>>> print(open('coords_30.txt').read())   # compact mmCIF, C-alpha atoms
# COMPACT_ATOMS: atom_id res chain seq x y z
CA MET P 7 -0.33 -8.69 -43.52
CA SER P 8 3.08 -7.97 -44.99
CA PRO P 9 6.20 -8.38 -42.90
CA THR P 10 6.79 -4.62 -42.91
CA GLU P 11 3.35 -3.73 -41.53
CA ALA P 12 3.71 -2.63 -37.94
CA THR P 13 1.06 -2.93 -35.27
CA PRO P 14 0.40 0.17 -33.14
CA SER P 15 2.91 0.68 -30.38
CA ARG P 16 1.74 0.04 -26.85
CA SER P 17 3.17 2.23 -24.11
CA PRO P 18 1.65 0.77 -20.94
CA GLN P 19 4.07 2.59 -18.65
CA ARG P 20 2.51 5.87 -19.74
CA GLN P 21 -0.92 4.90 -18.47
CA PRO P 22 -1.70 6.68 -15.19
CA LEU P 23 -1.80 4.44 -12.14
CA VAL P 24 -4.97 5.94 -10.71
CA ASP P 25 -4.99 3.66 -7.65
CA ALA P 26 -1.77 5.30 -6.42
CA ILE P 27 -3.49 8.65 -5.92
CA GLU P 28 -5.48 9.37 -2.74
CA THR P 29 -6.02 12.23 -0.34
CA ALA P 30 -3.88 12.63 2.79
CA GLY P 31 -7.06 12.19 4.82
CA ALA P 32 -7.87 8.83 3.26
CA ALA P 33 -4.29 7.60 3.69
CA GLY P 34 -4.24 8.85 7.29
CA ARG P 35 -7.29 6.78 8.17
CA ARG P 36 -5.28 3.65 7.35
CA ALA P 37 -2.30 4.71 9.51
CA PRO P 38 -1.65 2.51 12.58
CA PRO P 39 -2.14 4.05 16.04
CA LEU P 40 1.05 5.62 17.43
CA VAL P 41 1.82 3.40 20.42
CA GLY P 42 5.04 1.93 21.75
CA ILE P 43 6.12 -1.68 21.29
CA ALA P 44 8.33 -2.66 24.25
CA SER P 45 11.93 -3.20 23.21
CA GLY P 46 12.93 -5.38 26.17
CA VAL P 47 15.93 -3.08 26.66
CA GLU P 48 15.90 -1.14 29.91
CA GLY P 49 16.27 2.59 29.32
CA LEU P 50 15.45 2.49 25.60
CA ASP P 51 11.65 2.68 25.60
CA GLU P 52 11.65 6.16 27.16
CA LEU P 53 13.79 7.55 24.34
CA PHE P 54 10.87 7.43 21.88
CA PHE P 55 8.14 9.98 22.53
CA GLN P 56 5.21 11.91 21.16
CA VAL P 57 4.79 15.64 21.62
CA GLU P 58 1.33 16.81 22.72
CA LEU P 59 0.05 20.30 23.32
CA GLN P 60 -1.18 20.85 26.88
CA ARG P 61 -2.54 24.34 27.59
CA GLY P 62 -0.82 25.50 24.46
CA ARG P 63 2.58 24.16 25.51
CA PRO P 64 4.33 21.17 23.95
CA VAL P 65 4.71 18.27 26.38
CA ARG P 66 6.62 15.05 25.74
CA ARG P 67 4.79 11.78 26.31
CA ALA P 68 6.99 8.69 26.34
CA LEU P 69 5.89 6.14 23.77
CA GLY P 70 7.07 3.16 25.81
CA GLY P 71 8.94 1.41 23.02
CA TYR P 72 9.62 1.34 19.31
CA PRO P 73 6.80 2.99 17.31
CA ASN P 74 4.13 0.48 16.31
CA GLU P 75 4.72 -1.01 12.84
CA ALA P 76 8.13 0.63 12.56
CA VAL P 77 10.93 -1.02 10.65
CA VAL P 78 13.96 -0.35 12.84
CA VAL P 79 17.57 -0.90 11.84
CA LEU P 80 20.10 -1.64 14.57
CA THR P 81 23.56 -1.05 13.20
CA GLY P 82 27.07 -1.13 14.57
CA VAL P 83 30.46 -2.79 14.36
CA PRO P 84 30.91 -6.29 15.87
CA GLU P 85 30.39 -6.72 19.63
CA THR P 86 28.28 -3.63 20.19
CA GLY P 87 25.12 -5.46 21.31
CA LYS P 88 23.00 -5.51 18.13
CA SER P 89 22.02 -9.17 18.26
CA LEU P 90 21.47 -9.04 22.03
CA MET P 91 19.04 -6.15 21.57
CA ALA P 92 17.23 -8.02 18.80
CA GLU P 93 16.96 -11.12 21.00
CA GLN P 94 15.72 -9.08 23.97
CA PHE P 95 12.99 -7.64 21.74
CA ALA P 96 11.93 -11.14 20.64
CA VAL P 97 11.88 -12.49 24.20
CA LYS P 98 10.01 -9.48 25.59
CA GLN P 99 7.35 -9.58 22.88
CA ALA P 100 6.89 -13.33 23.24
CA ALA P 101 6.46 -12.81 27.01
CA LEU P 102 3.74 -10.27 26.19
CA GLU P 103 2.05 -13.07 24.16
CA HIS P 104 2.86 -11.60 20.77
CA PRO P 105 4.21 -14.31 18.45
CA VAL P 106 7.56 -13.36 16.95
CA LEU P 107 9.20 -14.38 13.68
CA PHE P 108 12.97 -14.63 14.09
CA VAL P 109 14.94 -14.87 10.86
CA SER P 110 18.52 -15.91 11.50
CA VAL P 111 20.93 -15.33 8.64
CA GLU P 112 24.12 -15.73 10.70
CA ASN P 113 23.49 -18.50 13.24
CA PRO P 114 21.79 -21.88 12.67
CA GLY P 115 18.44 -22.36 14.45
CA PRO P 116 19.62 -24.43 17.46
CA PHE P 117 22.20 -21.78 18.39
CA VAL P 118 19.63 -19.01 18.07
CA SER P 119 17.26 -20.94 20.30
CA GLN P 120 20.05 -21.35 22.85
CA ALA P 121 20.86 -17.63 22.76
CA LEU P 122 17.19 -16.71 23.17
CA GLU P 123 16.94 -19.02 26.18
CA LEU P 124 19.93 -17.26 27.78
CA ARG P 125 18.34 -13.87 27.11
CA ALA P 126 15.09 -15.07 28.70
CA GLN P 127 16.99 -16.25 31.79
CA ALA P 128 18.80 -12.92 32.06
CA MET P 129 15.48 -11.09 31.73
CA ASP P 130 13.91 -13.37 34.35
CA ILE P 131 11.35 -14.67 31.87
CA ASP P 132 10.23 -18.31 31.85
CA TRP P 133 11.66 -19.74 28.60
CA ALA P 134 9.37 -22.76 28.65
CA ALA P 135 6.38 -20.43 28.65
CA ILE P 136 7.48 -18.41 25.63
CA ARG P 137 9.56 -20.68 23.38
CA GLU P 138 6.56 -21.79 21.32
CA GLN P 139 5.76 -18.13 20.62
CA ILE P 140 9.03 -17.55 18.76
CA PHE P 141 9.11 -19.00 15.23
CA LEU P 142 12.56 -19.48 13.74
CA VAL P 143 13.41 -19.14 10.06
CA ASP P 144 16.87 -20.62 9.63
CA ALA P 145 18.38 -18.77 6.68
CA ALA P 146 21.87 -19.63 7.93
CA THR P 147 21.29 -23.31 7.13
CA HIS P 148 18.97 -22.97 4.13
CA ALA P 149 20.94 -21.21 1.37
CA SER P 150 17.78 -20.70 -0.72
CA LEU P 151 16.46 -18.34 1.96
CA ARG P 152 19.64 -16.25 1.81
CA GLU P 153 20.07 -16.27 -1.91
CA ASP P 154 16.52 -16.21 -3.31
CA LEU P 155 14.60 -13.22 -2.02
CA PRO P 156 11.20 -14.47 -3.34
CA THR P 157 11.69 -17.74 -1.41
CA LEU P 158 12.53 -15.82 1.77
CA LEU P 159 9.52 -13.53 1.42
CA ALA P 160 7.16 -16.40 0.56
CA THR P 161 8.38 -18.24 3.68
CA LEU P 162 7.89 -15.18 5.88
CA ALA P 163 4.43 -14.58 4.41
CA TYR P 164 3.47 -18.18 5.13
CA ALA P 165 4.63 -17.94 8.77
CA ILE P 166 3.02 -14.54 9.36
CA ARG P 167 -0.31 -15.69 7.96
CA GLN P 168 -0.24 -19.09 9.65
CA HIS P 169 0.72 -17.84 13.13
CA ARG P 170 -0.77 -14.32 13.08
CA ILE P 171 2.62 -12.72 13.63
CA GLU P 172 3.09 -8.96 14.06
CA ARG P 173 6.73 -8.84 15.24
CA THR P 174 9.71 -9.79 13.08
CA VAL P 175 13.45 -9.83 13.65
CA ILE P 176 16.04 -10.32 10.90
CA ASP P 177 19.59 -10.92 12.15
CA SER P 178 21.19 -9.81 9.99
CA VAL P 179 19.90 -8.16 6.86
CA THR P 180 23.53 -7.68 5.78
CA GLY P 181 23.82 -11.44 5.29
CA LEU P 182 21.20 -11.20 2.53
CA TYR P 183 23.47 -9.12 0.30
CA GLU P 184 26.84 -10.53 1.20
CA ALA P 185 29.32 -10.17 -1.70
CA ARG P 186 26.77 -8.19 -3.74
CA GLU P 187 26.56 -4.95 -1.79
CA ILE P 188 25.58 -3.08 -4.93
CA LEU P 189 22.12 -4.64 -4.52
CA ALA P 190 21.80 -3.74 -0.82
CA ARG P 191 19.32 -0.94 -1.39
CA ALA P 192 17.11 -2.96 -3.74
CA ILE P 193 17.03 -5.89 -1.30
CA VAL P 194 16.34 -3.77 1.79
CA ARG P 195 13.65 -1.83 -0.10
CA GLU P 196 11.91 -5.11 -1.03
CA ILE P 197 12.09 -6.35 2.58
CA TYR P 198 10.87 -2.99 3.92
CA ASN P 199 7.87 -2.98 1.56
CA PHE P 200 7.08 -6.55 2.57
CA LEU P 201 7.21 -5.77 6.31
CA LYS P 202 5.00 -2.70 5.85
CA ARG P 203 2.50 -4.66 3.79
CA TRP P 204 2.28 -7.29 6.53
CA LYS P 205 2.06 -4.64 9.32
CA GLN P 206 5.13 -5.84 11.19
CA THR P 207 7.02 -4.05 13.92
CA ALA P 208 10.44 -5.21 12.81
CA ILE P 209 14.05 -5.13 13.90
CA LEU P 210 16.68 -5.45 11.18
CA VAL P 211 20.23 -5.97 12.37
CA SER P 212 22.75 -4.38 10.03
CA GLN P 213 26.49 -4.89 10.30
CA LYS P 214 28.62 -1.80 10.01
CA ARG P 215 32.20 -1.96 8.86
CA SER P 216 34.67 -0.52 11.34
CA ALA P 217 35.94 1.84 8.63
CA GLN P 218 32.54 3.45 8.21
CA GLU P 219 32.38 6.74 10.01
CA GLU P 220 30.10 6.92 13.05
CA THR P 221 28.18 10.11 12.51
CA SER P 222 27.42 9.96 8.79
CA ALA P 223 24.74 8.08 6.87
CA GLU P 224 27.34 5.33 6.60
CA ALA P 225 26.86 4.79 10.31
CA ALA P 226 23.40 3.48 9.60
CA GLY P 227 24.78 0.42 7.91
CA GLY P 228 25.93 2.15 4.76
CA TYR P 229 24.53 1.73 1.24
CA ALA P 230 21.87 4.36 2.07
CA VAL P 231 19.86 1.72 3.95
CA SER P 232 18.89 4.31 6.58
CA HIS P 233 17.00 6.30 3.95
CA ILE P 234 14.64 3.36 3.44
CA VAL P 235 13.77 2.23 6.97
CA ASP P 236 11.67 4.11 9.56
CA CYS P 237 14.15 4.27 12.45
CA THR P 238 17.89 3.82 12.73
CA ILE P 239 19.76 3.12 15.96
CA VAL P 240 23.54 3.28 15.84
CA LEU P 241 25.57 1.28 18.35
CA ALA P 242 29.26 2.03 18.79
CA LYS P 243 32.18 1.25 21.04
CA ARG P 244 35.47 2.91 21.78
CA LEU P 245 38.52 1.70 23.62
CA ILE P 246 39.53 3.99 26.49
CA GLU P 247 43.13 4.66 25.57
CA SER P 248 44.12 7.75 27.54
CA PRO P 249 43.91 8.92 31.17
CA PHE P 250 41.93 11.88 29.85
CA GLN P 251 39.21 9.65 28.39
CA SER P 252 39.30 7.44 31.46
CA GLN P 253 38.65 10.36 33.81
CA LEU P 254 36.19 12.06 31.50
CA TYR P 255 33.91 9.03 31.26
CA GLY P 256 34.77 7.30 34.55
CA VAL P 257 35.79 4.16 32.63
CA ALA P 258 39.02 2.32 33.42
CA LEU P 259 41.91 2.66 31.01
CA GLY P 260 41.82 -0.22 28.55
CA ASP P 261 38.08 -0.85 29.00
CA VAL P 262 35.50 -0.39 26.30
CA LEU P 263 32.85 2.32 26.39
CA ARG P 264 29.72 1.35 24.44
CA THR P 265 27.21 3.89 23.20
CA LEU P 266 23.78 4.04 21.59
CA ARG P 267 22.25 6.83 19.56
CA ILE P 268 18.91 7.00 17.78
CA ASP P 269 20.09 8.41 14.48
CA GLY P 270 16.60 9.03 13.16
CA CYS P 271 12.98 7.95 13.43
CA ARG P 272 10.32 9.32 11.12
CA LEU P 273 7.37 7.76 12.96
CA SER P 274 7.80 9.47 16.35
CA GLY P 275 9.88 11.93 18.32
CA HIS P 276 13.09 10.57 19.76
CA ASP P 277 16.01 11.48 21.97
CA ALA P 278 18.91 12.37 19.70
CA SER P 279 21.71 12.23 22.29
CA THR P 280 24.41 9.62 22.54
CA HIS P 281 23.77 7.35 25.52
CA VAL P 282 26.00 4.96 27.40
CA LEU P 283 25.14 1.33 26.71
CA THR P 284 26.13 -1.47 29.03
CA ILE P 285 26.13 -5.24 28.57
CA SER P 286 25.86 -7.18 31.81
CA GLU P 287 27.68 -10.43 32.55
CA LEU P 288 24.46 -12.26 31.70
CA GLY P 289 24.48 -10.60 28.30
CA LEU P 290 21.73 -8.12 28.97
CA VAL P 291 21.84 -4.77 27.19
CA GLN P 292 20.80 -1.66 29.13
CA VAL P 293 20.74 1.96 28.00
CA GLY P 294 22.29 4.33 30.52
CA PRO P 295 22.66 8.11 30.88
CA ARG P 296 23.58 10.53 28.14
CA LEU P 297 27.27 10.55 27.44
CA ALA P 298 27.34 14.30 28.12
CA ASP P 299 25.79 13.75 31.57
CA LEU P 300 28.30 11.03 32.33
CA ALA P 301 31.19 13.30 31.51
CA ARG P 302 29.62 16.13 33.53
CA SER P 303 29.19 13.88 36.57
CA GLN P 304 32.94 13.27 36.88
CA PRO P 305 34.77 15.35 39.57
CA ARG P 306 35.42 18.83 38.20
CA THR P 307 39.09 18.92 39.27
CA PHE P 308 39.71 15.68 37.37
CA ARG P 309 38.09 17.14 34.31
CA ALA P 310 40.14 20.34 34.51
CA VAL P 311 43.38 18.44 35.02
CA SER P 312 42.50 15.95 32.30
CA MET P 313 41.66 18.69 29.86
CA ARG P 314 45.05 20.35 30.48
CA GLU P 315 46.76 16.99 29.93
CA HIS P 316 44.81 16.48 26.78
CA LEU P 317 45.72 19.90 25.44
CA MET E 20 13.78 -25.36 20.95
CA SER E 21 11.42 -22.88 19.32
CA PRO E 22 9.36 -24.07 16.32
CA GLU E 23 11.13 -23.80 12.99
CA ILE E 24 9.52 -22.71 9.72
CA GLU E 25 10.50 -24.69 6.61
CA PRO E 26 11.34 -22.67 3.46
CA VAL E 27 8.55 -22.15 0.93
CA ALA E 28 10.52 -22.44 -2.32
CA VAL E 29 9.80 -20.02 -5.15
CA GLN E 30 11.22 -21.15 -8.50
CA ALA E 31 12.52 -18.62 -11.00
CA ASP E 32 11.62 -21.06 -13.78
CA ASP E 33 7.87 -20.64 -13.23
CA MET E 34 8.16 -16.86 -13.51
CA VAL E 35 10.44 -17.12 -16.55
CA ARG E 36 7.91 -19.38 -18.26
CA ALA E 37 5.15 -16.83 -17.64
CA VAL E 38 7.29 -13.97 -18.98
CA LEU E 39 8.31 -15.99 -22.03
CA LEU E 40 4.70 -16.89 -22.91
CA LYS E 41 3.67 -13.26 -22.52
CA ALA E 42 6.60 -12.11 -24.66
CA LEU E 43 5.61 -14.60 -27.39
CA GLU E 44 2.06 -13.27 -27.21
CA VAL E 45 3.30 -9.66 -27.56
CA ALA E 46 5.46 -10.78 -30.50
CA GLY E 47 2.30 -11.85 -32.31
CA GLY E 48 1.92 -15.42 -31.08
CA LEU E 49 3.49 -18.73 -32.13
CA ARG E 50 1.78 -18.87 -35.54
CA LYS E 51 3.21 -15.52 -36.54
CA LEU E 52 6.70 -16.61 -35.52
CA VAL E 53 6.30 -19.70 -37.75
CA GLU E 54 4.93 -17.68 -40.67
CA TYR E 55 7.83 -15.22 -40.56
CA ARG E 56 10.41 -17.95 -39.87
CA ASN E 57 11.21 -16.35 -36.54
CA LEU E 58 11.27 -19.48 -34.36
CA THR E 59 15.02 -18.96 -34.04
CA TRP E 60 14.19 -15.95 -31.84
CA VAL E 61 12.98 -18.19 -29.01
CA PRO E 62 16.39 -18.89 -27.35
CA ALA E 63 17.10 -15.14 -27.19
CA LEU E 64 13.69 -14.57 -25.60
CA ILE E 65 14.26 -17.32 -23.02
CA GLU E 66 17.62 -15.76 -22.16
CA ALA E 67 16.09 -12.27 -21.85
CA ALA E 68 13.22 -13.57 -19.72
CA TYR E 69 15.68 -15.20 -17.31
CA VAL E 70 17.74 -11.99 -17.09
CA VAL E 71 14.72 -9.81 -16.33
CA VAL E 72 13.22 -12.19 -13.73
CA LEU E 73 16.52 -12.88 -11.96
CA HIS E 74 17.28 -9.17 -11.80
CA GLU E 75 13.86 -7.79 -10.92
CA GLU E 76 12.52 -10.52 -8.65
CA PHE E 77 15.57 -12.33 -7.30
CA LYS E 78 17.80 -9.23 -7.06
CA LYS E 79 20.70 -11.06 -8.68
CA SER E 80 23.73 -9.08 -9.83
CA GLU E 81 24.78 -8.91 -13.49
CA ASP E 82 27.71 -11.21 -12.81
CA GLU E 83 25.56 -13.76 -11.00
CA ILE E 84 23.07 -13.83 -13.87
CA ALA E 85 25.86 -14.08 -16.46
CA SER E 86 27.41 -16.99 -14.61
CA PHE E 87 24.06 -18.78 -14.26
CA LEU E 88 23.13 -18.39 -17.95
CA GLY E 89 26.64 -18.92 -19.32
CA VAL E 90 26.67 -15.59 -21.16
CA SER E 91 28.83 -12.51 -20.80
CA SER E 92 28.10 -9.73 -18.31
CA VAL E 93 27.89 -7.35 -21.29
CA THR E 94 25.00 -9.36 -22.73
CA VAL E 95 23.20 -9.23 -19.39
CA ARG E 96 23.82 -5.49 -19.14
CA ASN E 97 22.50 -4.91 -22.66
CA ILE E 98 19.32 -6.80 -21.85
CA LEU E 99 18.83 -4.88 -18.61
CA ARG E 100 19.37 -1.55 -20.36
CA ALA E 101 16.96 -2.35 -23.19
CA SER E 102 13.90 -0.14 -23.37
CA PRO E 103 10.40 -1.59 -23.68
CA GLU E 104 9.34 1.63 -25.43
CA GLY E 105 8.36 1.10 -29.08
CA VAL E 106 9.46 -2.52 -28.92
CA GLN E 107 6.77 -3.71 -31.33
CA GLU E 108 7.96 -1.38 -34.09
CA ARG E 109 11.47 -2.66 -33.59
CA LEU E 110 10.20 -6.24 -33.68
CA GLU E 111 8.49 -5.71 -37.01
CA ALA E 112 11.67 -4.22 -38.42
CA GLU E 113 13.51 -7.38 -37.34
CA ARG E 114 11.04 -9.88 -38.85
CA GLY E 115 13.35 -10.79 -41.71
CA GLU E 116 16.28 -11.45 -39.40
CA ARG E 117 17.22 -14.91 -38.24
CA GLU E 118 18.66 -13.69 -34.93
CA LEU E 119 16.77 -11.39 -32.59
CA ARG E 120 19.06 -8.65 -31.36
CA THR E 121 19.77 -8.59 -27.64
CA HIS E 122 18.30 -5.17 -26.96
CA VAL E 123 15.07 -6.01 -28.80
CA ALA E 124 14.74 -9.32 -26.91
CA GLY E 125 15.45 -7.43 -23.67
CA GLY E 126 12.85 -4.76 -24.43
CA LEU E 127 10.27 -7.42 -25.26
CA ALA E 128 10.98 -9.42 -22.07
CA LYS E 129 10.76 -6.23 -19.99
CA LEU E 130 7.45 -5.26 -21.60
CA ALA E 131 6.06 -8.76 -20.93
CA TYR E 132 7.32 -8.66 -17.33
CA GLN E 133 5.78 -5.23 -16.71
CA GLU E 134 2.42 -6.30 -18.10
CA LEU E 135 2.36 -9.40 -15.90
CA LYS E 136 3.36 -7.39 -12.83
CA ARG E 137 0.72 -4.75 -13.50
CA SER E 138 -2.02 -7.35 -13.83
CA GLY E 139 -0.80 -9.26 -10.75
CA GLN E 140 -0.24 -12.44 -12.75
CA LEU E 141 3.38 -12.98 -11.83
CA SER E 142 3.98 -15.31 -8.92
CA GLY E 143 6.30 -18.15 -8.07
>>> encode(input="coords_30.txt", output="structure tokens")
Amino acid sequence: MSPTEATPSRSPQRQPLVDAIETAGAAGRRAPPLVGIASGVEGLDELFFQVELQRGRPVRRALGGYPNEAVVVLTGVPETGKSLMAEQFAVKQAALEHPVLFVSVENPGPFVSQALELRAQAMDIDWAAIREQIFLVDAATHASLREDLPTLLATLAYAIRQHRIERTVIDSVTGLYEAREILARAIVREIYNFLKRWKQTAILVSQKRSAQEETSAEAAGGYAVSHIVDCTIVLAKRLIESPFQSQLYGVALGDVLRTLRIDGCRLSGHDASTHVLTISELGLVQVGPRLADLARSQPRTFRAVSMREHL
Amino acid sequence: MSPEIEPVAVQADDMVRAVLLKALEVAGGLRKLVEYRNLTWVPALIEAAYVVVLHEEFKKSEDEIASFLGVSSVTVRNILRASPEGVQERLEAERGERELRTHVAGGLAKLAYQELKRSGQLSG
């Protein structure tokens, strides 16, 4: 053959990927049952629901937790309760005898173990009875887990297979794209696909910058991460700086008001209101009433006076 | 303390080796490279294979890859932008050249990577 003779061009990417095509019915038969997976956070489980028709009328039925096999992002600025909520989920699920994989990207393993023990105490759960049910992956100490995604995923796959795990927590996913935010979407997409493939109900903690606005897609951790995952929960806090705010919310001047809002969930119905979120002295997160109800419950005269002051 | 899982290391080198061997196969095999005096293409193919694997599998940024390989970010970008479409025609047109151009090496490495991915042969 002469050097100028060319072999026929191959264009493999133009071949149809027949396996990717199936009917909605066939795909639906592989869908997991829509049940709730207890979050371990009082007041949160009732915010996810399913709508059923009873005598022709739609009726809400509480799911009792995060939707099964959902990948949930918890996002917020520092000190809003993200990690506490993730830990409460891990402790609760371990107490229900579901082994949990806890990937720590921020804190080394011994500190995570300590924090989980404190959460268990606060939740009145026997730590000794559940500690062997929580498997730690210490990505804070092992740089290869933070920096090499295939190593992280191979490690998770090993643990999931070995210990029959169906619940995973990653705190935080932001630590996996530190200083290379441009790759955030690609990394989260890879992790999401992995968690779906392994049928995990998963909590991903995502750190939000304080500059990112609270009600936009940026609130979900930015970088369009919320478009990838199944559910996004936004945690926020605001300093009560005026007598008007203090009277409106019944929170002392100078205190912090924390809130929680389910920004979106494509696997089930959900309450879309902003709720008050409290963190007890023991470090236990609880979801309280809707912010609107809290404001409404304040004495009317106070509200009227405060509104005049505000205007 | 709760039980701790040790990392299961995945080496980029193993994947790069697989992509390189596939790229050499697509390029006509070792014998053809010898016959056409194209063995000097191999370093460019190794470089392109590293770029494709580090980007696609390890989600490394252009700057990270450039720093690791000791090449410029522009070279990395050119490899990543190379098209695998019609790469064999372009290869044949380059047979007389001592150096394999970056975008051809990139297209070849991408084609090799895609074929390995499609057949499920690429693992750490």
>>> atom_distance(input="coords_30.txt", atom1="atom CA of P:Ile176", atom2="atom CA of P:Ala92")
8.3 Å
>>> residues_around(input="coords_30.txt", residues="P:Val109", least_positions_apart="3", cutoff="10 Å", atoms="only C-alpha atoms", output="CSV table (one decimal) with C-alpha atoms, keeping the file's coordinate frame")
chain,number,residue,atom,x,y,z
P,106,VAL,CA,7.6,-13.4,17.0
P,112,GLU,CA,24.1,-15.7,10.7
P,113,ASN,CA,23.5,-18.5,13.2
P,114,PRO,CA,21.8,-21.9,12.7
P,115,GLY,CA,18.4,-22.4,14.4
P,118,VAL,CA,19.6,-19.0,18.1
P,141,PHE,CA,9.1,-19.0,15.2
P,142,LEU,CA,12.6,-19.5,13.7
P,143,VAL,CA,13.4,-19.1,10.1
P,144,ASP,CA,16.9,-20.6,9.6
P,145,ALA,CA,18.4,-18.8,6.7
P,146,ALA,CA,21.9,-19.6,7.9
P,151,LEU,CA,16.5,-18.3,2.0
P,158,LEU,CA,12.5,-15.8,1.8
P,162,LEU,CA,7.9,-15.2,5.9
P,174,THR,CA,9.7,-9.8,13.1
P,175,VAL,CA,13.4,-9.8,13.6
P,176,ILE,CA,16.0,-10.3,10.9
P,177,ASP,CA,19.6,-10.9,12.2
P,178,SER,CA,21.2,-9.8,10.0
P,179,VAL,CA,19.9,-8.2,6.9
P,210,LEU,CA,16.7,-5.4,11.2
E,23,GLU,CA,11.1,-23.8,13.0
E,24,ILE,CA,9.5,-22.7,9.7
>>> closest_residue(input="coords_30.txt", among="P:Glu287, P:Glu123, P:Glu52, P:Glu28", to="chain E", atoms="only C-alpha atoms")
P:Glu123
>>> closest_residue(input="coords_30.txt", among="P:Glu184, P:Glu93, P:Glu172, P:Asp277", to="P:Leu80", atoms="all atoms listed in the file")
P:Glu93
>>> residues_around(input="coords_30.txt", residues="E:Val38", least_positions_apart="3", cutoff="7 Å", atoms="all atoms listed in the file", output="VMD selection string")
chain E and resid 34 to 35 41 to 42 68 128 131 to 132
>>> closest_residue(input="coords_30.txt", among="E:Leu127, E:Ala85, E:Ala112, E:Leu119", to="chain P", atoms="only C-alpha atoms")
E:Ala112
>>> atom_distance(input="coords_30.txt", atom1="atom CA of P:Ala160", atom2="atom CA of P:Ala26")
24.5 Å
>>> closest_residue(input="coords_30.txt", among="E:Gly48, E:Pro62, E:Gly126, E:Gly115", to="chain P", atoms="only C-alpha atoms")
E:Gly115
>>> residues_near_point(input="coords_30.txt", point="(28.4, 7.4, 22.4)", cutoff="10 Å", atoms="all atoms listed in the file", output="count of residues only")
19
>>> closest_residue(input="coords_30.txt", among="P:Ala134, P:Val291, P:Leu102, P:Ala258", to="P:Ile43", atoms="all atoms listed in the file")
P:Leu102
>>> atom_distance(input="coords_30.txt", atom1="atom CA of E:Val95", atom2="atom CA of P:Val231")
26.0 Å
>>> closest_residue(input="coords_30.txt", among="P:Ala100, P:Ser89, P:Ile239, P:Met129", to="P:His276", atoms="all atoms listed in the file")
P:Ile239
>>> interface_residues(input="coords_30.txt", of="chain E", to="chain P", cutoff="8 Å", atoms="only C-alpha atoms", output="list in words")
Met20, Ser21, Pro22, Glu23, Ile24, Glu25, Pro26, Val27, Ala28, Val29, Gln30, Tyr55, Glu76, Phe77, Lys78, Lys79, Ser80, Glu104, Gly105, Val106, Gln107, Glu108, Glu111, Ala112, Arg114, Gly115, Glu134 and Gly143 of chain E
>>> decode(input="coords_30.txt", residues="stretch 45-65 of chain E", atoms="C-alpha atoms", output="PDB file, in the first residue's frame")
ATOM      1  CA  VAL E  45      -6.160   2.665  14.966  1.00  0.00           C
ATOM      2  CA  ALA E  46      -3.037   4.226  13.430  1.00  0.00           C
ATOM      3  CA  GLY E  47      -2.343   0.933  11.671  1.00  0.00           C
ATOM      4  CA  GLY E  48      -0.288  -0.886  14.290  1.00  0.00           C
ATOM      5  CA  LEU E  49       3.396  -0.776  15.265  1.00  0.00           C
ATOM      6  CA  ARG E  50       4.671  -2.344  12.021  1.00  0.00           C
ATOM      7  CA  LYS E  51       3.030   0.350   9.929  1.00  0.00           C
ATOM      8  CA  LEU E  52       4.556   3.074  12.084  1.00  0.00           C
ATOM      9  CA  VAL E  53       7.992   1.494  11.502  1.00  0.00           C
ATOM     10  CA  GLU E  54       7.426   1.113   7.754  1.00  0.00           C
ATOM     11  CA  TYR E  55       6.421   4.757   7.356  1.00  0.00           C
ATOM     12  CA  ARG E  56       9.106   5.991   9.780  1.00  0.00           C
ATOM     13  CA  ASN E  57       6.410   7.321  12.077  1.00  0.00           C
ATOM     14  CA  LEU E  58       7.781   6.064  15.412  1.00  0.00           C
ATOM     15  CA  THR E  59       8.494   9.694  16.268  1.00  0.00           C
ATOM     16  CA  TRP E  60       4.712  10.125  16.595  1.00  0.00           C
ATOM     17  CA  VAL E  61       4.614   8.061  19.793  1.00  0.00           C
ATOM     18  CA  PRO E  62       5.485  10.867  22.290  1.00  0.00           C
ATOM     19  CA  ALA E  63       2.688  13.038  20.857  1.00  0.00           C
ATOM     20  CA  LEU E  64       0.258  10.127  21.204  1.00  0.00           C
ATOM     21  CA  ILE E  65       1.303   9.484  24.817  1.00  0.00           C
TER      22      ILE E  65
END
